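Enquirer: For reference, the file structure-v7.txt (compact mmCIF, C-alpha atoms) is included below:
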# COMPACT_ATOMS: atom_id res chain seq x y z
CA MET A 2 0.00 0.00 0.00
CA ALA A 3 1.36 3.41 -1.02
CA ARG A 4 2.04 5.62 1.98
CA HIS A 5 3.21 9.22 2.07
CA LEU A 6 3.88 10.91 5.40
CA PHE A 7 4.57 14.63 5.62
CA LEU A 8 4.08 17.83 7.60
CA CYS A 9 1.50 20.48 6.77
CA ARG A 10 1.13 23.54 9.02
CA GLY A 11 2.90 21.50 11.66
CA ALA A 12 0.38 18.64 11.49
CA LYS A 13 1.64 15.17 10.63
CA VAL A 14 -0.41 13.99 7.65
CA CYS A 15 -0.57 10.65 5.86
CA ILE A 16 -1.88 9.96 2.38
CA CYS A 17 -2.69 6.29 2.00
CA ASP A 18 -4.27 5.23 -1.30
CA ASN A 19 -5.55 8.77 -1.87
CA GLU A 20 -7.09 9.02 1.62
CA ILE A 21 -5.90 11.99 3.69
CA ILE A 22 -5.41 11.11 7.36
CA LEU A 23 -4.32 13.61 10.02
CA LEU A 24 -2.18 11.95 12.66
CA THR A 25 -1.63 15.08 14.77
CA GLU A 26 -3.31 18.48 14.97
CA PRO A 27 -1.82 21.52 13.21
CA ALA A 28 0.71 23.56 15.17
CA VAL A 29 -0.48 26.81 13.59
CA GLU A 30 -3.82 28.51 14.09
CA ARG A 31 -3.42 31.41 11.68
CA CYS A 32 -0.86 32.29 9.01
CA PRO A 33 -0.89 35.29 6.63
CA PHE A 34 0.79 33.21 3.91
CA VAL A 35 -1.79 30.43 4.14
CA GLU A 36 -4.59 32.98 4.08
CA SER A 37 -3.26 34.72 0.98
CA PHE A 38 -2.31 31.53 -0.90
CA TYR A 39 -5.12 29.17 0.07
CA GLY A 40 -7.80 31.55 1.36
CA VAL A 41 -7.79 29.85 4.77
CA SER A 42 -8.03 32.21 7.75
CA GLU A 43 -8.42 29.69 10.59
CA ILE A 44 -6.24 26.59 10.44
CA ASP A 45 -7.84 23.53 12.01
CA GLU A 46 -7.78 19.86 11.04
CA GLU A 47 -10.41 20.32 8.34
CA ALA A 48 -8.46 23.25 6.87
CA VAL A 49 -5.32 21.10 6.66
CA ARG A 50 -7.32 18.41 4.83
CA ARG A 51 -8.58 21.04 2.36
CA ILE A 52 -5.07 22.36 1.76
CA VAL A 53 -3.68 18.88 1.15
CA ARG A 54 -6.63 17.92 -1.06
CA TYR A 55 -6.05 21.08 -3.11
CA LYS A 56 -2.40 20.13 -3.63
CA VAL A 57 -3.36 16.60 -4.65
CA ASP A 58 -6.13 17.68 -7.02
CA HIS A 59 -4.37 20.65 -8.61
CA PHE A 60 -0.71 19.63 -8.53
CA GLY A 61 -0.80 15.84 -8.27
CA PHE A 62 1.03 15.89 -4.94
CA CYS A 63 1.90 12.32 -3.86
CA SER A 64 0.34 10.88 -7.02
CA PRO A 65 1.29 9.66 -10.52
CA LYS A 66 -0.12 12.96 -11.86
CA ARG A 67 2.50 15.00 -10.00
CA LYS A 68 3.11 18.36 -11.68
CA PHE A 69 6.51 20.03 -11.60
CA ILE A 70 5.72 23.75 -11.44
CA ARG A 71 8.72 25.69 -12.70
CA GLU A 72 7.42 29.17 -11.93
CA LYS A 73 8.43 30.99 -8.75
CA VAL A 74 5.86 30.28 -6.04
CA VAL A 75 7.32 32.19 -3.08
CA ILE A 76 9.99 34.82 -3.48
CA PHE A 77 12.36 33.54 -0.78
CA GLY A 78 11.76 29.80 -0.96
CA SER A 79 14.67 27.36 -0.75
CA SER A 80 13.97 25.88 -4.19
CA GLU A 81 13.76 29.38 -5.69
CA ILE A 82 17.15 30.36 -4.24
CA ILE A 83 18.85 27.05 -5.09
CA SER A 84 17.54 26.92 -8.65
CA ALA A 85 18.54 30.52 -9.36
CA CYS A 86 22.05 29.90 -8.02
CA MET A 87 22.30 26.77 -10.17
CA ARG A 88 21.47 28.83 -13.25
CA LEU A 89 24.15 31.31 -12.21
CA GLY A 90 26.72 28.50 -11.90
CA LEU A 91 27.14 28.95 -8.14
CA ILE A 92 25.71 25.52 -7.24
CA ASP A 93 26.52 22.36 -9.20
CA ALA A 94 23.95 19.98 -7.74
CA ALA A 95 21.16 19.89 -5.18
CA VAL A 96 20.21 17.04 -2.86
CA VAL A 97 16.48 17.41 -2.31
CA VAL A 98 13.47 15.27 -1.40
CA CYS A 99 10.48 14.61 -3.64
CA ASP A 100 7.21 12.90 -2.87
CA GLY A 101 7.10 9.61 -4.76
CA ALA A 102 10.88 9.49 -5.15
CA GLY A 103 12.63 10.21 -1.84
CA THR A 104 16.12 11.66 -1.97
CA VAL A 105 17.10 13.09 -5.36
CA VAL A 106 20.41 14.41 -6.66
CA ALA A 107 19.41 17.10 -9.17
CA THR A 108 21.60 18.97 -11.63
CA ASP A 109 18.84 20.82 -13.47
CA ALA A 110 17.65 24.11 -11.98
CA GLU A 111 14.12 23.77 -13.33
CA LEU A 112 13.81 20.29 -11.84
CA VAL A 113 14.83 21.64 -8.43
CA GLN A 114 12.14 24.33 -8.64
CA GLY A 115 9.61 21.84 -9.99
CA ILE A 116 10.20 19.52 -7.05
CA GLY A 117 10.26 22.20 -4.36
CA SER A 118 7.50 24.50 -5.57
CA ILE A 119 4.63 22.50 -4.02
CA MET A 120 6.53 20.52 -1.41
CA ASN A 121 5.73 20.00 2.22
CA GLY A 122 8.22 18.50 4.66
CA VAL A 123 8.16 14.88 3.52
CA LEU A 124 8.98 12.39 6.28
CA GLU A 125 8.34 9.18 4.37
CA THR A 126 7.20 8.36 0.85
CA SER A 127 6.53 5.42 -1.46
CA PRO A 128 7.92 5.04 -4.98
CA ILE A 129 5.75 6.34 -7.82
CA LYS A 130 7.13 5.17 -11.14
CA GLU A 131 5.78 8.15 -13.09
CA VAL A 132 7.46 10.60 -10.71
CA ILE A 133 10.75 8.69 -10.75
CA SER A 134 10.66 8.48 -14.55
CA TYR A 135 10.10 12.23 -14.87
CA ILE A 136 12.95 13.04 -12.50
CA SER A 137 15.33 10.62 -14.25
CA SER A 138 14.62 12.21 -17.64
CA HIS A 139 14.92 15.80 -16.43
CA GLY A 140 18.35 16.03 -14.84
CA GLY A 141 17.85 14.11 -11.62
CA GLU A 142 18.98 10.84 -10.11
CA VAL A 143 16.79 9.11 -7.53
CA LEU A 144 18.99 7.68 -4.80
CA ASP A 145 16.77 4.66 -4.08
CA PRO A 146 14.15 4.16 -6.81
CA GLU A 147 13.03 0.82 -5.37
CA ASN A 148 12.06 2.18 -1.95
CA ALA A 149 12.01 5.99 -2.37
CA SER A 150 13.94 6.26 0.88
CA ILE A 151 14.91 9.65 2.33
CA ASP A 152 18.60 9.77 3.13
CA GLN A 153 20.17 13.20 2.70
CA ILE A 154 23.54 12.08 4.08
CA ASN A 155 23.98 9.38 1.45
CA GLY A 156 22.52 11.74 -1.12
CA VAL A 157 25.33 14.20 -0.43
CA ARG A 158 27.86 11.36 -0.44
CA HIS A 159 26.56 10.30 -3.84
CA ALA A 160 26.75 13.85 -5.19
CA ILE A 161 30.37 14.06 -4.01
CA SER A 162 31.15 10.72 -5.69
CA MET A 163 29.69 12.13 -8.92
CA GLY A 164 32.34 14.84 -8.82
CA PHE A 165 30.24 17.84 -7.81
CA LYS A 166 32.06 20.50 -5.80
CA ARG A 167 29.28 22.91 -4.75
CA ILE A 168 26.33 20.98 -3.40
CA ALA A 169 23.13 22.34 -1.84
CA VAL A 170 21.12 20.08 0.46
CA THR A 171 17.74 20.59 2.11
CA VAL A 172 17.00 19.29 5.61
CA ILE A 173 13.61 19.49 7.34
CA ALA A 174 13.15 20.06 11.07
CA PRO A 175 12.60 16.43 12.17
CA ASN A 176 15.87 15.47 10.48
CA SER A 177 17.88 18.46 11.69
CA HIS A 178 20.09 16.19 13.82
CA ILE A 179 21.92 15.19 10.61
CA ILE A 180 23.16 18.74 9.95
CA PRO A 181 26.43 18.34 11.94
CA LYS A 182 27.12 15.12 10.02
CA LEU A 183 26.49 16.88 6.72
CA ARG A 184 28.84 19.63 7.79
CA SER A 185 31.64 17.13 8.42
CA LEU A 186 31.16 15.09 5.21
CA PRO A 187 32.84 16.99 2.39
CA PRO A 188 36.56 16.91 1.61
CA ASN A 189 38.41 20.22 1.51
CA ASP A 190 37.65 20.87 -2.16
CA VAL A 191 33.87 20.41 -1.77
CA ILE A 192 31.38 22.90 -0.33
CA VAL A 193 28.04 21.73 1.06
CA ILE A 194 25.44 24.47 1.53
CA ILE A 195 22.76 23.45 4.02
CA PHE A 196 19.22 24.80 3.71
CA SER A 197 17.16 24.18 6.84
CA THR A 198 13.49 24.08 5.81
CA CYS A 199 9.99 23.25 7.11
CA ASN A 200 10.80 24.34 10.66
CA THR A 201 7.34 24.94 12.13
CA VAL A 202 7.77 22.04 14.57
CA VAL A 203 11.31 22.89 15.71
CA GLY A 204 11.84 22.56 19.46
CA GLU A 205 14.55 23.85 21.77
CA ASN A 206 16.56 20.65 21.33
CA GLU A 207 16.91 21.21 17.56
CA VAL A 208 18.18 24.80 17.77
CA LYS A 209 21.80 23.71 18.19
CA PHE A 210 21.57 21.81 14.88
CA LEU A 211 19.97 24.67 12.96
CA LYS A 212 22.80 26.96 14.05
CA GLU A 213 25.12 24.89 11.84
CA ALA A 214 23.03 25.45 8.69
CA ASP A 215 23.77 28.15 6.13
CA ILE A 216 20.20 29.30 5.48
CA VAL A 217 17.27 28.68 7.84
CA CYS A 218 13.62 29.20 7.02
CA ALA A 219 11.74 30.20 10.16
CA SER A 220 8.45 28.76 8.88
CA ALA A 221 5.90 29.36 11.67
CA SER A 222 8.36 28.71 14.49
CA GLN A 223 8.65 31.30 17.25
CA THR A 224 11.67 29.36 18.53
CA VAL A 225 13.54 29.88 15.25
CA ARG A 226 12.69 33.58 15.25
CA GLU A 227 13.95 34.00 18.82
CA LYS A 228 17.01 31.70 18.81
CA ILE A 229 18.23 31.78 15.21
CA GLY A 230 17.08 35.24 14.10
CA PRO A 231 19.60 37.22 16.19
CA LYS A 232 22.47 35.31 14.55
CA ALA A 233 21.42 36.21 11.00
CA LEU A 234 23.70 38.12 8.65
CA ILE A 235 20.71 38.73 6.37
CA GLN A 236 16.98 38.28 6.84
CA LEU A 237 14.77 37.68 3.85
CA GLY A 238 11.08 38.40 4.28
CA VAL A 239 8.97 39.32 7.29
CA THR A 240 5.93 37.04 7.44
CA ILE A 241 7.98 33.86 6.98
CA PRO A 242 11.55 35.07 7.63
CA VAL A 243 14.53 33.30 6.13
CA PHE A 244 17.73 33.75 8.13
CA VAL A 245 21.11 33.65 6.40
CA LEU A 246 23.79 32.57 8.87
CA THR A 247 27.04 32.16 6.91
CA ASP A 248 29.20 33.97 4.38
CA ILE A 249 28.52 31.38 1.66
CA GLY A 250 24.79 31.69 2.34
CA LYS A 251 25.12 35.46 2.12
CA ARG A 252 26.95 35.25 -1.23
CA LEU A 253 24.26 32.98 -2.68
CA VAL A 254 21.40 35.15 -1.43
CA LEU A 255 22.95 38.35 -2.76
CA ALA A 256 23.42 36.69 -6.14
CA TYR A 257 19.79 35.55 -6.02
CA ILE A 258 18.60 39.06 -5.16
CA GLN A 259 20.36 40.39 -8.27
CA GLU A 260 18.15 38.08 -10.33
CA CYS A 261 14.89 39.09 -8.61
CA GLU A 262 12.53 41.21 -10.65
CA GLU A 263 10.34 42.06 -7.67
CA PRO A 264 10.94 45.38 -5.87
CA LEU A 265 12.84 44.87 -2.63
CA LEU A 266 13.56 46.97 0.46
CA ILE A 267 17.08 46.67 1.89
CA SER A 268 17.65 48.23 5.30
CA ARG A 269 20.08 47.95 8.21
CA VAL A 270 18.28 46.63 11.31
CA LYS A 271 18.83 44.69 14.49
CA MET A 272 18.01 41.06 13.83
CA PRO A 273 15.46 39.66 13.68
CA PHE A 274 13.07 42.19 12.16
CA ILE A 275 9.61 41.04 13.25
CA LEU A 276 6.23 42.68 12.76
CA GLU A 277 3.93 40.91 15.18
CA ASP A 278 0.74 41.47 13.20
CA LYS A 279 2.28 39.75 10.18
CA GLN A 280 3.43 36.58 11.99
CA PRO A 281 1.75 33.18 12.07
CA VAL A 282 -0.09 32.42 15.32
CA SER A 283 0.80 29.09 16.84
CA ARG A 284 -1.85 27.05 18.63
CA ARG A 285 0.27 27.03 21.78
CA LYS A 286 0.71 30.81 21.76
CA ARG A 287 -3.03 31.36 21.30
CA GLU A 288 -3.80 29.05 24.22
CA GLU A 289 -1.36 30.94 26.44
What is this structure when it is put down as structure tokens?

Expert:
Amino acid sequence: MARHLFLCRGAKVCICDNEIILLTEPAVERCPFVESFYGVSEIDEEAVRRIVRYKVDHFGFCSPKRKFIREKVVIFGSSEIISACMRLGLIDAAVVVCDGAGTVVATDAELVQGIGSIMNGVLETSPIKEVISYISSHGGEVLDPENASIDQINGVRHAISMGFKRIAVTVIAPNSHIIPKLRSLPPNDVIVIIFSTCNTVVGENEVKFLKEADIVCASASQTVREKIGPKALIQLGVTIPVFVLTDIGKRLVLAYIQECEEPLLISRVKMPFILEDKQPVSRRKREE
């Protein structure tokens, strides 16, 4: 039986044979991004089901009809930054995760954006031959096509063995403990750039791992805003801040900004820059 397990608004969700099952309640009660993108003002279990159903019906998420949307979906998304830097020749390959395929080593910028544009934080997935076939014919190599396993460490190892020198890798919050291992993997002539993503469910124990990433998306996490935000060299965005922690991250982001056609405000501020009325509201914070 096909099984896909992932995070959506902090809820753990399972799709089993096209049935959407919520295993935990959402961690977020309100989010300006969700309201603007999905038209959902109050996030409860039914809202999460509607969001997931929309992604399945319109984008083929976790299905053989999976669409690979190449257009920019969010201005400061990880896939948007990685794909732009690949086009600029600053990143050679990206180790990412795709529903229906697991860990993927991608060398095509449009494939990276196509995978990441509709992604949630995938925890577990089952192989979908149509998805694997598309990836294999569009500049990607699925690490484990038989099982669609998620293994970012071995994905980076494989990318290194393929001869790539500048490798981006995405890591979601529940797997953040692997970040120190990823940091120690590459030989001296290889650079691994770590994008920490899908961090709504980050707890205090994961903060020490996120500090070793290059670029950290705050998602809806107050913990990330409070603990990681002050260490940022650059902050991208306000509603869902992205914190750039290292010089290599800074160089990539500045190169990405040069490619942006959207108008941007650049200002010198004390980090993090937070406007309370524009932040997601966590269920825990509302209860307090």

Enquirer: Need the shell around Val270 (chain A): protein/DNA/RNA residues with any atom at most 12 Å away, counting only C-alpha atoms. Skip same-chain ones fewer than 5 positions apart. Format as an MDAnalysis selection string?

Expert: chainID A and resid 230:231 233:236 275

Enquirer: Could you give me, as CSV, a per-residue list for region 127-192 of chain A showing, wherever an atom lies at most 12 Å from an atom of region 4-15 of chain A, the closest pair of atoms and their distance in Å to one decimal, using all atoms listed in the file and sorting by chain then residue number from low to high?

Expert:
residue,atom,partner,partner_atom,distance
A:Ser127,CA,A:Arg4,CA,5.7
A:Pro128,CA,A:Arg4,CA,9.1
A:Ile129,CA,A:Arg4,CA,10.5
A:Asn148,CA,A:Arg4,CA,11.3
A:Ala149,CA,A:His5,CA,10.4
A:Ser150,CA,A:His5,CA,11.2
A:Ile151,CA,A:Leu6,CA,11.5
A:Ile173,CA,A:Leu8,CA,9.7
A:Ala174,CA,A:Leu8,CA,10.0
A:Pro175,CA,A:Leu8,CA,9.8

Enquirer: Give me, as a ChimeraX atom specification, all polymer residues having an atom no more than 10 Å from region 17-29 of chain A, counting only C-alpha atoms and skipping those fewer than 5 positions away in the same chain.

Expert: /A:2-12,43-51,53-54,57,63-64,127,201-202,221-222,281-287

Enquirer: Using all atoms listed in the file, find the one residue out of A:Gln114, A:Cys32, A:Thr108, A:Val41 that sits nearest to Phe69 (chain A).

Expert: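 When distances to Phe69 (chain A) are compared using all atoms listed in the file, the smallest one comes from A:Gln114.
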
Enquirer: Do you have the CA of Asp152 (chain A)-CA of Gly164 (chain A) distance handy?

Expert: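 If I compute the distance from CA of Asp152 (chain A) to CA of Gly164 (chain A), I get 18.9 Å.
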
Enquirer: Please extract region 133-151 of chain A and write it out with N, CA and C atoms, as a PDB file, in the first residue's frame.

Expert:
ATOM      1  N   ILE A 133       9.349   9.089 -10.612  1.00  0.00           N
ATOM      2  CA  ILE A 133      10.752   8.694 -10.753  1.00  0.00           C
ATOM      3  C   ILE A 133      11.197   8.800 -12.210  1.00  0.00           C
ATOM      4  N   SER A 134      10.337   8.396 -13.124  1.00  0.00           N
ATOM      5  CA  SER A 134      10.656   8.482 -14.548  1.00  0.00           C
ATOM      6  C   SER A 134      10.852   9.931 -14.981  1.00  0.00           C
ATOM      7  N   TYR A 135       9.966  10.818 -14.518  1.00  0.00           N
ATOM      8  CA  TYR A 135      10.096  12.235 -14.871  1.00  0.00           C
ATOM      9  C   TYR A 135      11.420  12.790 -14.352  1.00  0.00           C
ATOM     10  N   ILE A 136      11.718  12.519 -13.098  1.00  0.00           N
ATOM     11  CA  ILE A 136      12.948  13.036 -12.504  1.00  0.00           C
ATOM     12  C   ILE A 136      14.167  12.522 -13.266  1.00  0.00           C
ATOM     13  N   SER A 137      14.176  11.234 -13.588  1.00  0.00           N
ATOM     14  CA  SER A 137      15.325  10.623 -14.254  1.00  0.00           C
ATOM     15  C   SER A 137      15.549  11.186 -15.656  1.00  0.00           C
ATOM     16  N   SER A 138      14.496  11.670 -16.274  1.00  0.00           N
ATOM     17  CA  SER A 138      14.618  12.209 -17.636  1.00  0.00           C
ATOM     18  C   SER A 138      14.760  13.724 -17.660  1.00  0.00           C
ATOM     19  N   HIS A 139      14.817  14.339 -16.491  1.00  0.00           N
ATOM     20  CA  HIS A 139      14.923  15.799 -16.429  1.00  0.00           C
ATOM     21  C   HIS A 139      16.056  16.263 -15.511  1.00  0.00           C
ATOM     22  N   GLY A 140      17.164  15.562 -15.554  1.00  0.00           N
ATOM     23  CA  GLY A 140      18.348  16.031 -14.842  1.00  0.00           C
ATOM     24  C   GLY A 140      18.414  15.664 -13.385  1.00  0.00           C
ATOM     25  N   GLY A 141      17.786  14.548 -13.017  1.00  0.00           N
ATOM     26  CA  GLY A 141      17.846  14.114 -11.622  1.00  0.00           C
ATOM     27  C   GLY A 141      18.137  12.635 -11.511  1.00  0.00           C
ATOM     28  N   GLU A 142      18.724  12.249 -10.396  1.00  0.00           N
ATOM     29  CA  GLU A 142      18.977  10.840 -10.111  1.00  0.00           C
ATOM     30  C   GLU A 142      18.360  10.505  -8.753  1.00  0.00           C
ATOM     31  N   VAL A 143      17.439   9.546  -8.763  1.00  0.00           N
ATOM     32  CA  VAL A 143      16.791   9.115  -7.528  1.00  0.00           C
ATOM     33  C   VAL A 143      17.733   8.162  -6.806  1.00  0.00           C
ATOM     34  N   LEU A 144      18.001   8.459  -5.551  1.00  0.00           N
ATOM     35  CA  LEU A 144      18.991   7.683  -4.800  1.00  0.00           C
ATOM     36  C   LEU A 144      18.560   6.230  -4.619  1.00  0.00           C
ATOM     37  N   ASP A 145      17.278   6.007  -4.357  1.00  0.00           N
ATOM     38  CA  ASP A 145      16.772   4.658  -4.077  1.00  0.00           C
ATOM     39  C   ASP A 145      15.425   4.475  -4.764  1.00  0.00           C
ATOM     40  N   PRO A 146      15.418   4.239  -6.077  1.00  0.00           N
ATOM     41  CA  PRO A 146      14.146   4.158  -6.805  1.00  0.00           C
ATOM     42  C   PRO A 146      13.258   2.999  -6.370  1.00  0.00           C
ATOM     43  N   GLU A 147      13.830   1.970  -5.785  1.00  0.00           N
ATOM     44  CA  GLU A 147      13.032   0.820  -5.368  1.00  0.00           C
ATOM     45  C   GLU A 147      12.184   1.125  -4.135  1.00  0.00           C
ATOM     46  N   ASN A 148      12.741   1.918  -3.219  1.00  0.00           N
ATOM     47  CA  ASN A 148      12.059   2.185  -1.951  1.00  0.00           C
ATOM     48  C   ASN A 148      11.687   3.646  -1.725  1.00  0.00           C
ATOM     49  N   ALA A 149      12.228   4.545  -2.543  1.00  0.00           N
ATOM     50  CA  ALA A 149      12.007   5.989  -2.370  1.00  0.00           C
ATOM     51  C   ALA A 149      12.404   6.435  -0.966  1.00  0.00           C
ATOM     52  N   SER A 150      13.505   5.914  -0.471  1.00  0.00           N
ATOM     53  CA  SER A 150      13.945   6.264   0.876  1.00  0.00           C
ATOM     54  C   SER A 150      14.473   7.700   0.914  1.00  0.00           C
ATOM     55  N   ILE A 151      14.406   8.293   2.108  1.00  0.00           N
ATOM     56  CA  ILE A 151      14.907   9.648   2.328  1.00  0.00           C
ATOM     57  C   ILE A 151      16.184   9.547   3.132  1.00  0.00           C
TER      58      ILE A 151
END
